[in-house]
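Novice: Structure below; questions to follow.
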Amino acid sequence: MAERAARHCCLGWDFSTQQVKVVAVDAELSVFYEDSVHFDRDLVEFGTQGGVHVHKDGLTVTSPVLMWVQALDIILEKMKASGFDFSQVLALSGAGQQHGSVYWKTGASQVLTSLSPDLPLREQLQACFSISNCPVWMDSSTAAQCRQLEAAVGGAQALSLLTGSRAYERFTGNQIAKIYQQNPEAYSHTERISLVSSFAASLFLGSYSPVDYSDGSGMNLLQIQDKVWSQACLGACAPRLEEKLGRPVPSCSIVGAISSYFVQRYGFPPECKVVAFTGDNPASLAGMRLEEGDIAVSLGTSDTLFLWLQEPTPALEGHIFCNPVDPQHYMALLCFKNGSLMREKIRDESASGSWSKFSKALQSTGMGNSGNLGFYFDVMEITPEIIGRHRFTAENHEVSAFPQDVEIRALIEGQFMAKKIHAEALGYRVMPKTKILATGGASHNRDILQVLADVFGAPVYVIDTANSACVGSAYRAFHGLAAGTDMPFAEIVKLAPNPRLVATPTPGASQVYEALLQRYAMLEQRVLSQTRGPPE
Ligand SMILES: Nc1ncnc2c1ncn2[C@@H]1O[C@H](COP(=O)(O)OP(=O)(O)O)[C@@H](O)[C@H]1O
Ligand SMILES: O=C(CO)[C@@H](O)[C@H](O)COP(=O)(O)O
């Protein structure tokens, strides 16, 4: 403990869908402390499932803001109880689930700047929010606002060229527009709107943190090339929005020193720096030290796939964000909503709730699943917009059920085939040197990663923790400390442990999946046209 106490470090936080997590990373870039607070299990009084509340309409999805605040209280108390030496923390940064928004009530900044170190944050911030249930990334209730925004800027393609994405229901600008239209009073009593990332940074700062360029790219409001809010988009969403958002900043900015609340209550040094927080996917890109040509697959609550890009290439599918570690560059991202929660459902239905039985089913079925193939979207998928379960035999006949083992393989193969097909639609090609970097909760499962290697025909690597967003946040904190010297991020992380190889493609995989991928793409179109109905 004495040796641990003397370690200078940076902290990396992640306010993700299902939990708040933290890691401490020392100057040699070793992770020496990890902790988490799980919303459903540790904060049962909020009654969330998977960290969220799905409303009666099935479209609106929110999380209580005070649950996030209390989770921070709890995790800091846990660290204190374990003897964590806060006095060694040089800087901290963090990540948040993307797109979610927090509404600070008029007068909240006054409370934030004068917090008493004798009380938990939750007790003091109770009355600080004009909206107590925050819209999160799983929300898909803003179709009308999306159409209004696209119409205001000249169409979906024009919006994508400007902001990196066509209008998406979970993107923050559309969420803000809905709140303004349906609850104008709450909107007018809001002095500041934060993303989940900048909200968390604000807690540590004791004042409002700006939004960073990278997470700001997930709002349909930021001009990703000029890095300024688009006046046309702001105007289409809500009045006086610019003053409620504040000015966006480069992702490696130091946004201030830690609030005296944390100095007095936990013993942080007063000079501890807060580096701008960003989205969980951008933070994972940093944590995995993604290089051009590599592809990252995050298997968290959502599944996401992302790439490093030199130049932005906005399209009607997928998103382009400002790069979180290199201000000149960009990243592409695809998001699949039916990720871990869908896998958990099939695990419960077909493997008695056991991941090890789930794995055995993957081991006992062959690559290609004898031609059986499935689509599993219990909630409206984002990429592409399909809902429902659709199973097909080798003869392309739709059936209503598969045997349990076949069901499990169909789910995992289907999830990875969708990722490959949609990444290729963005122009991505697997090259001989391609590495797939996997992260997120399901990257603990070797059998799932074997299917990933087989479908993509490329080796899969992991870093030592599945919490790449936390680790990336700690790396970004070190980068923020050095950014004044213009030190590139790659230089900061060059001593970090290399990713570990966990799966290589099985011989013969490419022949099996070449044919299956074509069938998957064809059947996806068939399901899509059934879902949408005949063209008008
Ligand atoms: N052994 C495993 N096999 C497959 N999935 C797993 C395994 N262990 C954990 N998970 C999944 O990881 C998910 C949580 O992933 P995580 O990246 O921590 O989520 P988030 O950051 O979105 O809160 C859980 O919902 C669970 O389904
Ligand atoms: O909406 C997106 C990305 O566009 C999601 O990836 C969220 O950022 C949630 O992340 P996880 O909690 O699943 O990591």
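Following the order of the structure tokens, chains are lettered A, B, ..., residues in each are numbered from 1, and ligands are numbered from 1.
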Throw together the list of residues within 8 Å of ligand 2, counting only C-alpha atoms and all ligand atoms, and drop it here as a ChimeraX atom specification.
Specialist: /A:15-18,96-99,137-138,170,218,279-281,298-304,319,333-337,339,440
Novice: Excluding Asn338 in chain A and residues on its chain fewer than 5 positions from it, collect all residues at most 9 Å away from it, counting only C-alpha atoms, and give them as a list in words.
Specialist: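 My list of contacting residues is Thr301, Ser302, Asp303, Arg343, Tyr376, Phe377, Asp378, Val379, Met380, Glu381, Ile382 and Gln415 of chain A.
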Novice: When distances are computed from only C-alpha atoms, which of A:Leu437, A:Val399, A:Val54, A:Cys146 shows the smallest separation from Cys233 in chain A?
Specialist: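 Answer, going by the shortest atom-to-atom distance: A:Cys146.
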Novice: For Ile346 in chain A, work out the shell of residues within 12 Å, counting only C-alpha atoms and skipping chain neighbours fewer than 6 positions away, then give it as a PyMOL selection string.
Specialist: chain A and resi 338-340+352-355+357-358+361+376-378+389+402-412
Novice: Suppose we keep N, CA and C atoms; can you now write the selection as a compact mmCIF listing (two decimals), in the first residue's frame?
Specialist:
```txt
# COMPACT_ATOMS: atom_id res chain seq x y z
N ASN A 338 -28.35 -2.85 -31.04
CA ASN A 338 -28.60 -4.18 -30.48
C ASN A 338 -27.28 -4.90 -30.24
N GLY A 339 -26.57 -4.49 -29.20
CA GLY A 339 -25.27 -5.07 -28.88
C GLY A 339 -25.37 -6.04 -27.73
N SER A 340 -24.77 -5.67 -26.58
CA SER A 340 -24.70 -6.60 -25.44
C SER A 340 -26.06 -6.98 -24.87
N SER A 352 -29.39 -20.73 -20.83
CA SER A 352 -29.73 -20.67 -19.39
C SER A 352 -29.00 -19.54 -18.67
N GLY A 353 -28.81 -18.44 -19.34
CA GLY A 353 -28.19 -17.28 -18.68
C GLY A 353 -26.70 -17.43 -18.43
N SER A 354 -26.06 -18.39 -19.09
CA SER A 354 -24.64 -18.62 -18.78
C SER A 354 -23.74 -18.31 -19.99
N TRP A 355 -22.76 -17.43 -19.77
CA TRP A 355 -21.83 -17.12 -20.87
C TRP A 355 -21.02 -18.36 -21.24
N LYS A 357 -22.05 -21.49 -21.25
CA LYS A 357 -22.87 -22.32 -22.16
C LYS A 357 -22.99 -21.65 -23.53
N PHE A 358 -23.06 -20.34 -23.51
CA PHE A 358 -23.13 -19.56 -24.76
C PHE A 358 -21.87 -19.85 -25.59
N ALA A 361 -21.84 -23.29 -27.16
CA ALA A 361 -22.67 -23.36 -28.37
C ALA A 361 -21.87 -22.85 -29.58
N TYR A 376 -31.23 -10.04 -35.45
CA TYR A 376 -31.80 -9.99 -34.09
C TYR A 376 -31.82 -8.53 -33.62
N PHE A 377 -32.94 -7.89 -33.78
CA PHE A 377 -33.06 -6.48 -33.43
C PHE A 377 -34.30 -6.29 -32.58
N ASP A 378 -34.18 -6.53 -31.27
CA ASP A 378 -35.36 -6.38 -30.42
C ASP A 378 -35.75 -4.91 -30.26
N ARG A 389 -36.92 -9.99 -35.11
CA ARG A 389 -36.01 -11.12 -35.32
C ARG A 389 -36.41 -11.79 -36.63
N PHE A 402 -34.87 -21.31 -34.32
CA PHE A 402 -33.72 -22.17 -34.60
C PHE A 402 -33.47 -23.01 -33.35
N PRO A 403 -32.80 -24.18 -33.48
CA PRO A 403 -32.33 -24.86 -32.28
C PRO A 403 -31.39 -23.92 -31.50
N GLN A 404 -31.27 -24.13 -30.19
CA GLN A 404 -30.55 -23.16 -29.34
C GLN A 404 -29.13 -22.84 -29.81
N ASP A 405 -28.35 -23.88 -30.14
CA ASP A 405 -26.95 -23.62 -30.53
C ASP A 405 -26.89 -22.84 -31.85
N VAL A 406 -27.79 -23.20 -32.76
CA VAL A 406 -27.82 -22.51 -34.07
C VAL A 406 -28.21 -21.05 -33.86
N GLU A 407 -29.14 -20.82 -32.93
CA GLU A 407 -29.60 -19.46 -32.64
C GLU A 407 -28.41 -18.59 -32.16
N ILE A 408 -27.61 -19.17 -31.28
CA ILE A 408 -26.49 -18.39 -30.71
C ILE A 408 -25.46 -18.05 -31.80
N ARG A 409 -25.13 -19.04 -32.64
CA ARG A 409 -24.16 -18.74 -33.70
C ARG A 409 -24.76 -17.76 -34.72
N ALA A 410 -26.06 -17.92 -35.01
CA ALA A 410 -26.69 -17.01 -35.99
C ALA A 410 -26.63 -15.57 -35.49
N LEU A 411 -26.84 -15.40 -34.18
CA LEU A 411 -26.79 -14.05 -33.60
C LEU A 411 -25.39 -13.45 -33.78
N ILE A 412 -24.37 -14.19 -33.34
CA ILE A 412 -23.01 -13.61 -33.35
C ILE A 412 -22.49 -13.44 -34.78
```
Novice: Run DSSP on the backbone and grab whatever in range 265-398 of chain A lands in alpha helix (DSSP H); send it over as a PyMOL selection string.
Specialist: chain A and resi 265-266+280-287+340-350+355-364
Novice: Against range 60-76 of chain A, which residues of range 183-285 of chain A fall within 9 Å? For each one I want the closest pair of atoms and the distance in Å (one decimal), counting only C-alpha atoms, rows by chain and increasing residue number, as JSON lines.
Specialist:
```
{"residue": "A:Ala200", "atom": "CA", "partner": "A:Val69", "partner_atom": "CA", "distance": 8.3}
{"residue": "A:Leu203", "atom": "CA", "partner": "A:Val69", "partner_atom": "CA", "distance": 8.3}
{"residue": "A:Tyr266", "atom": "CA", "partner": "A:Leu76", "partner_atom": "CA", "distance": 7.9}
```
Novice: Please, could you write that set of residues out with N, CA and C atoms as a JSON list (two decimals), in the first residue's frame?
Specialist:
```
[["chain", "number", "residue", "atom", "x", "y", "z"],
["A", 200, "ALA", "N", -19.98, 15.50, -16.69],
["A", 200, "ALA", "CA", -19.10, 14.84, -15.71],
["A", 200, "ALA", "C", -17.87, 15.72, -15.44],
["A", 203, "LEU", "N", -18.68, 18.46, -12.99],
["A", 203, "LEU", "CA", -18.70, 18.07, -11.58],
["A", 203, "LEU", "C", -17.29, 18.21, -10.99],
["A", 266, "TYR", "N", -11.52, 14.77, -0.58],
["A", 266, "TYR", "CA", -10.80, 13.53, -0.90],
["A", 266, "TYR", "C", -9.28, 13.67, -0.88]]
```
